[in-house]
Number of protein chains: 2
Amino acid sequence: MRNDDRRERLKAALLDGAERTIAESGLSGLKARDLAKEVGCALGAIYTVFPDLDALILSVNLRTLALFDRVIATVPLPPEPDGPPTPAQRDAAVATLVRLAVAYLHFAAQNTTRWRALFQHRVTQALPDWYLVEQVRLFRYIEAPLRVLRPDLGERERALLARSLFSATHGLVSLGLDEKLMVLSEPVLRGQIEVVVGALGRGLAEG
Amino acid sequence: MRNDDRRERLKAALLDGAERTIAESGLSGLKARDLAKEVGCALGAIYTVFPDLDALILSVNLRTLALFDRVIATVPLPPEPDGPPTPAQRDAAVATLVRLAVAYLHFAAQNTTRWRALFQHRVTQALPDWYLVEQVRLFRYIEAPLRVLRPDLGERERALLARSLFSATHGLVSLGLDEKLMVLSEPVLRGQIEVVVGALGRGLAEG
DNA sequence: CAGGTCTGTGAACGTTGTTCACAAACGCAT
DNA sequence: ATGCGTTTGTGAACAACGTTCACAGACCTG
């Protein structure tokens with residue numbers, strides 16, 4: 001029992017260390033030897049807890065997703081009317097979409113490297129189930145305002161559209177914060193998100 | 001002179017080989033030793049033409065951008081009315097935006113690995129000027145229909161909005177073709193792009 | 001053709017992630 | 001408490017990578 005305990009503590013220490021390093025220097029800054037030195041274990045000890053560094057990174061990414069989930073959960077969702085929405089309800093739903101997108105931007109801007117690791121990390125083998133489950137959970141937040149804007153859509157179509165709205169927002173944030181194109185400041189980027197997501201929401205409602 | 005000639009031929013051979021390898025196995029499949037063997041030169045010869053592999057990749061990426069430019073140039077752009085646009089002109093502009101986005105999707109789907117290399121490749125140092133110039137050139141295609149939809153915007157605001165529209169479309173395509181979320185088929189993705197970019201265009205016009 | 005310059009060569013270097021024979025620590029029965 | 005089998009952590013060793021560099025050979029020039 002004492003042994004399992006140590007194993008758990010080693011795992012936690014590795015996750016903490018890896019998270020800190022990624023937050024500080026990005027994914028490419030994570031080196032097996034440095035990490036071992038940081039947590040005070042042997043190089044090989046890492047591989048007694050995780051099959052490889054990819055699995056470790058995936059676990060760190062899960063932490064990031066959970067952190068984001070706690071942030072996004074604070075965005076108030078609109079009540080869902082039964083019939084076709086009134087103009088005011090429509091505007092409220094659009095505003096919710098914008099708030100969700102801005103929350104995403106804010107999180108990405110405040111946790112740039114950790115957030116980048118979520119997407120920068122290319123996967124070699126199939127992703128574990130818990131990773132996909134967490135993703136679907138996050139999409140549900142988008143589905144609520146969509147139910148107001150497009151009550152005509154079926155469950156499946158709405159889920160697909162939610163994913164697309166996330167993808168579009170992610171593109172805005174991702175390329176906005178990327179050095180590859182010119183980096184935009186968060187306020188400018190927020191303005192663009194308000195314009196684009198706002199237009200998107202209004203366009204969806206009338207379509 | 002004969003010497004410069006050989007140098008040019010070596011450069012072209014390296015670019016061809018690297019392009020082929022990237023198209024076949026992605027960025028991570030590009031290895032200095034394999035490339036040298038493929039083009040029949042010594043390992044060190046690569047570094048007489050390019051300072052490092054990053055520069056080589058950047059040159060391959062420029063080729064990809066040029067290839068895409070030839071594709072996107074075939075999309076017909078709407079004539080630009082002087083005053084406020086008629087509803088028909090507005091619809092035509094929206095249709096152009098959708099066509100541009102679909103062309104982007106189609107190119108990405110047909111040249112997946114080459115296209116991925118454009119964004120997967122994280123840059124360490126500042127990007128060369130010619131790279132940025134090419135990017136701006138591509139944004140111009142989006143600016144034309146925007147001029148119809150939003151004649152009220154200034155040059156700078158319109159350029160920014162064009163960039164944002166590209167970013168949103170890129171997000172749709174990028175995550176749509178990514179294995180990290182579930183991969184969508186090109187037809188499904190095209191449908192989503194039509195819905196989202198269409199709504200976006202209409203929402204922009206009325207806003 | 002001789003001399004100097006430039007260029008391609010591939011062995012060698014430093015850094016990676018990952019493995020594995022061995023030693024140390026642990027748990028349990030005596 | 002003590003001994004013994006098992007499990008666990010160790011870090012040297014391995015393979016693969018990008019990059020460098022002393023040297024040998026090819027090239028141009030007088």
# chains A, B, ... in the order shown; residues from 1 in each chain; ligands from 1
$ residues_around --residues "DA12 (chain C)" --least-positions-apart "3" --cutoff "12 Å" --atoms "only C-alpha atoms (C1' of nucleotides)" --output "list of chain:residue names"
D:DT19, D:DT20, D:DC21, D:DA22
$ write_last_selection --atoms "C-alpha atoms (C1' of nucleotides)" --output "PDB file, in the first residue's frame"
ATOM      1  C1'  DT D  19      24.063  20.155 -36.934  1.00  0.00           C
ATOM      2  C1'  DT D  20      29.197  20.980 -37.396  1.00  0.00           C
ATOM      3  C1'  DC D  21      33.888  20.701 -39.192  1.00  0.00           C
ATOM      4  C1'  DA D  22      38.566  19.098 -40.634  1.00  0.00           C
TER       5       DA D  22
END
$ residues_around --residues "region 68-70 of chain A" --least-positions-apart "4" --cutoff "8 Å" --atoms "only C-alpha atoms (C1' of nucleotides)" --output "PyMOL selection string"
chain A and resi 64+74+107+138
$ closest_atom_pairs --of "chain A" --to "chain D" --cutoff "9 Å" --atoms "only C-alpha atoms (C1' of nucleotides)" --output "Markdown table"
| residue | atom | partner | partner_atom | distance |
| --- | --- | --- | --- | --- |
| A:Asn3 | CA | D:DT8 | C1' | 8.6 |
| A:Cys41 | CA | D:DG9 | C1' | 8.3 |
| A:Ala42 | CA | D:DT10 | C1' | 6.1 |
| A:Leu43 | CA | D:DG11 | C1' | 7.2 |
| A:Gly44 | CA | D:DT10 | C1' | 7.1 |
| A:Ala45 | CA | D:DG9 | C1' | 6.1 |
| A:Thr48 | CA | D:DT8 | C1' | 8.5 |
$ write_last_selection --atoms "N, CA and C atoms" --output "mmCIF file, in the first residue's frame"
data_model
loop_
_atom_site.group_PDB
_atom_site.id
_atom_site.type_symbol
_atom_site.label_atom_id
_atom_site.label_comp_id
_atom_site.auth_asym_id
_atom_site.auth_seq_id
_atom_site.Cartn_x
_atom_site.Cartn_y
_atom_site.Cartn_z
ATOM 1 N N ASN A 3 3.519 1.461 -1.224
ATOM 2 C CA ASN A 3 4.137 1.528 -2.538
ATOM 3 C C ASN A 3 3.255 2.277 -3.539
ATOM 4 N N CYS A 41 13.638 12.423 -9.431
ATOM 5 C CA CYS A 41 13.580 10.975 -9.605
ATOM 6 C C CYS A 41 14.527 10.584 -10.735
ATOM 7 N N ALA A 42 14.649 9.303 -10.931
ATOM 8 C CA ALA A 42 15.532 8.834 -11.995
ATOM 9 C C ALA A 42 14.833 8.965 -13.335
ATOM 10 N N LEU A 43 15.635 8.986 -14.382
ATOM 11 C CA LEU A 43 15.098 9.115 -15.737
ATOM 12 C C LEU A 43 14.082 8.017 -16.008
ATOM 13 N N GLY A 44 14.445 6.806 -15.700
ATOM 14 C CA GLY A 44 13.576 5.665 -15.996
ATOM 15 C C GLY A 44 12.292 5.648 -15.191
ATOM 16 N N ALA A 45 12.280 6.348 -14.064
ATOM 17 C CA ALA A 45 11.091 6.329 -13.197
ATOM 18 C C ALA A 45 9.870 6.891 -13.923
ATOM 19 N N THR A 48 7.853 4.314 -15.494
ATOM 20 C CA THR A 48 7.121 3.371 -14.649
ATOM 21 C C THR A 48 5.711 3.890 -14.375
#
$ interface_residues --of "chain B" --to "chain A" --cutoff "9 Å" --atoms "only C-alpha atoms" --output "number ranges by chain"
B: 119-120, 122-123, 126-127, 132, 135, 160-161, 163-176, 179-182, 189, 192-193, 195-207
$ closest_atom_pairs --of "chain C" --to "chain A" --cutoff "12 Å" --atoms "only C-alpha atoms (C1' of nucleotides)" --output "tab-separated table"
residue	atom	partner	partner_atom	distance
C:DT15	C1'	A:Lys31	CA	10.0
C:DT16	C1'	A:Lys31	CA	8.1
C:DG17	C1'	A:Ala32	CA	7.4
C:DT18	C1'	A:Asp52	CA	8.1
C:DT19	C1'	A:Gly44	CA	8.6
C:DC20	C1'	A:Gly44	CA	9.8
C:DA25	C1'	A:Asn3	CA	9.9
C:DC26	C1'	A:Asn3	CA	7.8
C:DG27	C1'	A:Met1	CA	9.4
$ select_by_dssp --residues "region 65-135 of chain A" --states "helix (DSSP H, G or I)" --output "number ranges by chain"
A: 65-72, 87-110, 112-120, 129-135
$ atom_distance --atom1 "CA of Gln89 (chain B)" --atom2 "CA of Pro76 (chain B)"
13.8 Å
$ closest_residue --among "B:Arg137, B:Glu19, B:Ala103, B:Ala159" --to "Arg190 (chain B)" --atoms "only C-alpha atoms"
B:Ala103
$ atom_distance --atom1 "CA of Leu146 (chain B)" --atom2 "CA of Val75 (chain B)"
14.9 Å
$ atom_distance --atom1 "CA of Pro187 (chain B)" --atom2 "CA of Val148 (chain A)"
26.5 Å
$ decode --residues "region 146-161 of chain B" --atoms "all heavy atoms" --output "PDB file, in the first residue's frame"
ATOM      1  N   LEU B 146     -15.874  41.551 -49.330  1.00  0.00           N
ATOM      2  CA  LEU B 146     -16.133  42.345 -48.125  1.00  0.00           C
ATOM      3  C   LEU B 146     -16.429  43.796 -48.476  1.00  0.00           C
ATOM      4  O   LEU B 146     -17.216  44.468 -47.799  1.00  0.00           O
ATOM      5  CB  LEU B 146     -14.942  42.290 -47.169  1.00  0.00           C
ATOM      6  CG  LEU B 146     -14.916  41.115 -46.193  1.00  0.00           C
ATOM      7  CD1 LEU B 146     -13.787  41.299 -45.191  1.00  0.00           C
ATOM      8  CD2 LEU B 146     -16.244  40.978 -45.483  1.00  0.00           C
ATOM      9  N   ARG B 147     -15.780  44.255 -49.542  1.00  0.00           N
ATOM     10  CA  ARG B 147     -16.011  45.636 -49.974  1.00  0.00           C
ATOM     11  C   ARG B 147     -17.473  45.819 -50.372  1.00  0.00           C
ATOM     12  O   ARG B 147     -18.055  46.884 -50.176  1.00  0.00           O
ATOM     13  CB  ARG B 147     -15.098  45.970 -51.154  1.00  0.00           C
ATOM     14  CG  ARG B 147     -14.389  47.307 -51.054  1.00  0.00           C
ATOM     15  CD  ARG B 147     -13.516  47.551 -52.271  1.00  0.00           C
ATOM     16  NE  ARG B 147     -12.447  46.581 -52.382  1.00  0.00           N
ATOM     17  CZ  ARG B 147     -11.230  46.758 -51.849  1.00  0.00           C
ATOM     18  NH1 ARG B 147     -10.952  47.862 -51.207  1.00  0.00           N
ATOM     19  NH2 ARG B 147     -10.311  45.834 -51.976  1.00  0.00           N
ATOM     20  N   VAL B 148     -18.062  44.743 -50.913  1.00  0.00           N
ATOM     21  CA  VAL B 148     -19.482  44.806 -51.287  1.00  0.00           C
ATOM     22  C   VAL B 148     -20.370  44.754 -50.045  1.00  0.00           C
ATOM     23  O   VAL B 148     -21.313  45.535 -49.896  1.00  0.00           O
ATOM     24  CB  VAL B 148     -19.840  43.639 -52.234  1.00  0.00           C
ATOM     25  CG1 VAL B 148     -21.314  43.682 -52.593  1.00  0.00           C
ATOM     26  CG2 VAL B 148     -18.958  43.674 -53.480  1.00  0.00           C
ATOM     27  N   LEU B 149     -20.045  43.819 -49.155  1.00  0.00           N
ATOM     28  CA  LEU B 149     -20.908  43.610 -47.988  1.00  0.00           C
ATOM     29  C   LEU B 149     -20.824  44.758 -46.996  1.00  0.00           C
ATOM     30  O   LEU B 149     -21.805  45.103 -46.345  1.00  0.00           O
ATOM     31  CB  LEU B 149     -20.529  42.298 -47.287  1.00  0.00           C
ATOM     32  CG  LEU B 149     -20.852  40.999 -48.024  1.00  0.00           C
ATOM     33  CD1 LEU B 149     -20.335  39.798 -47.257  1.00  0.00           C
ATOM     34  CD2 LEU B 149     -22.347  40.890 -48.269  1.00  0.00           C
ATOM     35  N   ARG B 150     -19.640  45.297 -46.837  1.00  0.00           N
ATOM     36  CA  ARG B 150     -19.444  46.361 -45.852  1.00  0.00           C
ATOM     37  C   ARG B 150     -18.697  47.538 -46.456  1.00  0.00           C
ATOM     38  O   ARG B 150     -17.511  47.759 -46.145  1.00  0.00           O
ATOM     39  CB  ARG B 150     -18.667  45.805 -44.649  1.00  0.00           C
ATOM     40  CG  ARG B 150     -19.425  44.747 -43.855  1.00  0.00           C
ATOM     41  CD  ARG B 150     -20.630  45.333 -43.148  1.00  0.00           C
ATOM     42  NE  ARG B 150     -20.250  46.371 -42.213  1.00  0.00           N
ATOM     43  CZ  ARG B 150     -20.033  46.148 -40.927  1.00  0.00           C
ATOM     44  NH1 ARG B 150     -20.205  44.942 -40.432  1.00  0.00           N
ATOM     45  NH2 ARG B 150     -19.673  47.124 -40.117  1.00  0.00           N
ATOM     46  N   PRO B 151     -19.364  48.285 -47.333  1.00  0.00           N
ATOM     47  CA  PRO B 151     -18.686  49.438 -47.961  1.00  0.00           C
ATOM     48  C   PRO B 151     -18.347  50.525 -46.952  1.00  0.00           C
ATOM     49  O   PRO B 151     -17.577  51.441 -47.256  1.00  0.00           O
ATOM     50  CB  PRO B 151     -19.702  49.916 -49.004  1.00  0.00           C
ATOM     51  CG  PRO B 151     -21.015  49.358 -48.574  1.00  0.00           C
ATOM     52  CD  PRO B 151     -20.755  48.138 -47.766  1.00  0.00           C
ATOM     53  N   ASP B 152     -18.918  50.426 -45.751  1.00  0.00           N
ATOM     54  CA  ASP B 152     -18.689  51.453 -44.745  1.00  0.00           C
ATOM     55  C   ASP B 152     -17.319  51.324 -44.081  1.00  0.00           C
ATOM     56  O   ASP B 152     -16.835  52.290 -43.476  1.00  0.00           O
ATOM     57  CB  ASP B 152     -19.779  51.356 -43.662  1.00  0.00           C
ATOM     58  CG  ASP B 152     -19.809  49.974 -43.023  1.00  0.00           C
ATOM     59  OD1 ASP B 152     -19.821  48.964 -43.773  1.00  0.00           O
ATOM     60  OD2 ASP B 152     -19.790  49.890 -41.783  1.00  0.00           O
ATOM     61  N   LEU B 153     -16.711  50.163 -44.169  1.00  0.00           N
ATOM     62  CA  LEU B 153     -15.452  49.951 -43.442  1.00  0.00           C
ATOM     63  C   LEU B 153     -14.269  50.638 -44.116  1.00  0.00           C
ATOM     64  O   LEU B 153     -14.215  50.737 -45.350  1.00  0.00           O
ATOM     65  CB  LEU B 153     -15.155  48.448 -43.327  1.00  0.00           C
ATOM     66  CG  LEU B 153     -16.079  47.633 -42.423  1.00  0.00           C
ATOM     67  CD1 LEU B 153     -15.597  46.186 -42.356  1.00  0.00           C
ATOM     68  CD2 LEU B 153     -16.152  48.237 -41.043  1.00  0.00           C
ATOM     69  N   GLY B 154     -13.311  51.070 -43.309  1.00  0.00           N
ATOM     70  CA  GLY B 154     -12.064  51.613 -43.835  1.00  0.00           C
ATOM     71  C   GLY B 154     -11.148  50.499 -44.301  1.00  0.00           C
ATOM     72  O   GLY B 154     -11.397  49.315 -44.034  1.00  0.00           O
ATOM     73  N   GLU B 155     -10.085  50.897 -44.992  1.00  0.00           N
ATOM     74  CA  GLU B 155      -9.152  49.917 -45.551  1.00  0.00           C
ATOM     75  C   GLU B 155      -8.591  49.000 -44.472  1.00  0.00           C
ATOM     76  O   GLU B 155      -8.518  47.783 -44.616  1.00  0.00           O
ATOM     77  CB  GLU B 155      -8.017  50.669 -46.269  1.00  0.00           C
ATOM     78  CG  GLU B 155      -7.193  49.800 -47.192  1.00  0.00           C
ATOM     79  CD  GLU B 155      -8.058  49.222 -48.307  1.00  0.00           C
ATOM     80  OE1 GLU B 155      -8.905  49.962 -48.864  1.00  0.00           O
ATOM     81  OE2 GLU B 155      -7.878  48.030 -48.605  1.00  0.00           O
ATOM     82  N   ARG B 156      -8.231  49.608 -43.372  1.00  0.00           N
ATOM     83  CA  ARG B 156      -7.570  48.860 -42.302  1.00  0.00           C
ATOM     84  C   ARG B 156      -8.533  47.906 -41.602  1.00  0.00           C
ATOM     85  O   ARG B 156      -8.206  46.756 -41.323  1.00  0.00           O
ATOM     86  CB  ARG B 156      -6.993  49.856 -41.294  1.00  0.00           C
ATOM     87  CG  ARG B 156      -5.932  49.248 -40.448  1.00  0.00           C
ATOM     88  CD  ARG B 156      -5.124  50.241 -39.639  1.00  0.00           C
ATOM     89  NE  ARG B 156      -4.457  49.514 -38.568  1.00  0.00           N
ATOM     90  CZ  ARG B 156      -3.534  48.588 -38.806  1.00  0.00           C
ATOM     91  NH1 ARG B 156      -3.162  48.320 -40.047  1.00  0.00           N
ATOM     92  NH2 ARG B 156      -2.985  47.933 -37.800  1.00  0.00           N
ATOM     93  N   GLU B 157      -9.748  48.403 -41.341  1.00  0.00           N
ATOM     94  CA  GLU B 157     -10.745  47.541 -40.696  1.00  0.00           C
ATOM     95  C   GLU B 157     -11.109  46.365 -41.584  1.00  0.00           C
ATOM     96  O   GLU B 157     -11.322  45.252 -41.101  1.00  0.00           O
ATOM     97  CB  GLU B 157     -12.007  48.358 -40.390  1.00  0.00           C
ATOM     98  CG  GLU B 157     -11.870  49.334 -39.244  1.00  0.00           C
ATOM     99  CD  GLU B 157     -13.081  50.244 -39.170  1.00  0.00           C
ATOM    100  OE1 GLU B 157     -13.315  50.985 -40.156  1.00  0.00           O
ATOM    101  OE2 GLU B 157     -13.780  50.215 -38.146  1.00  0.00           O
ATOM    102  N   ARG B 158     -11.187  46.641 -42.888  1.00  0.00           N
ATOM    103  CA  ARG B 158     -11.561  45.588 -43.815  1.00  0.00           C
ATOM    104  C   ARG B 158     -10.465  44.524 -43.877  1.00  0.00           C
ATOM    105  O   ARG B 158     -10.751  43.318 -43.889  1.00  0.00           O
ATOM    106  CB  ARG B 158     -11.805  46.162 -45.210  1.00  0.00           C
ATOM    107  CG  ARG B 158     -12.209  45.094 -46.198  1.00  0.00           C
ATOM    108  CD  ARG B 158     -12.888  45.676 -47.413  1.00  0.00           C
ATOM    109  NE  ARG B 158     -12.237  46.898 -47.867  1.00  0.00           N
ATOM    110  CZ  ARG B 158     -12.859  48.059 -47.992  1.00  0.00           C
ATOM    111  NH1 ARG B 158     -14.134  48.154 -47.720  1.00  0.00           N
ATOM    112  NH2 ARG B 158     -12.195  49.113 -48.399  1.00  0.00           N
ATOM    113  N   ALA B 159      -9.234  44.951 -43.884  1.00  0.00           N
ATOM    114  CA  ALA B 159      -8.129  43.989 -43.910  1.00  0.00           C
ATOM    115  C   ALA B 159      -8.169  43.113 -42.657  1.00  0.00           C
ATOM    116  O   ALA B 159      -7.955  41.892 -42.714  1.00  0.00           O
ATOM    117  CB  ALA B 159      -6.798  44.734 -44.005  1.00  0.00           C
ATOM    118  N   LEU B 160      -8.445  43.741 -41.539  1.00  0.00           N
ATOM    119  CA  LEU B 160      -8.522  42.993 -40.286  1.00  0.00           C
ATOM    120  C   LEU B 160      -9.660  41.978 -40.324  1.00  0.00           C
ATOM    121  O   LEU B 160      -9.505  40.818 -39.914  1.00  0.00           O
ATOM    122  CB  LEU B 160      -8.721  43.971 -39.122  1.00  0.00           C
ATOM    123  CG  LEU B 160      -8.610  43.410 -37.708  1.00  0.00           C
ATOM    124  CD1 LEU B 160      -7.249  42.774 -37.493  1.00  0.00           C
ATOM    125  CD2 LEU B 160      -8.852  44.514 -36.679  1.00  0.00           C
ATOM    126  N   LEU B 161     -10.806  42.432 -40.839  1.00  0.00           N
ATOM    127  CA  LEU B 161     -11.965  41.537 -40.920  1.00  0.00           C
ATOM    128  C   LEU B 161     -11.693  40.387 -41.889  1.00  0.00           C
ATOM    129  O   LEU B 161     -12.079  39.237 -41.628  1.00  0.00           O
ATOM    130  CB  LEU B 161     -13.204  42.326 -41.359  1.00  0.00           C
ATOM    131  CG  LEU B 161     -14.522  41.571 -41.365  1.00  0.00           C
ATOM    132  CD1 LEU B 161     -14.805  40.953 -40.011  1.00  0.00           C
ATOM    133  CD2 LEU B 161     -15.673  42.491 -41.778  1.00  0.00           C
TER     134      LEU B 161
END
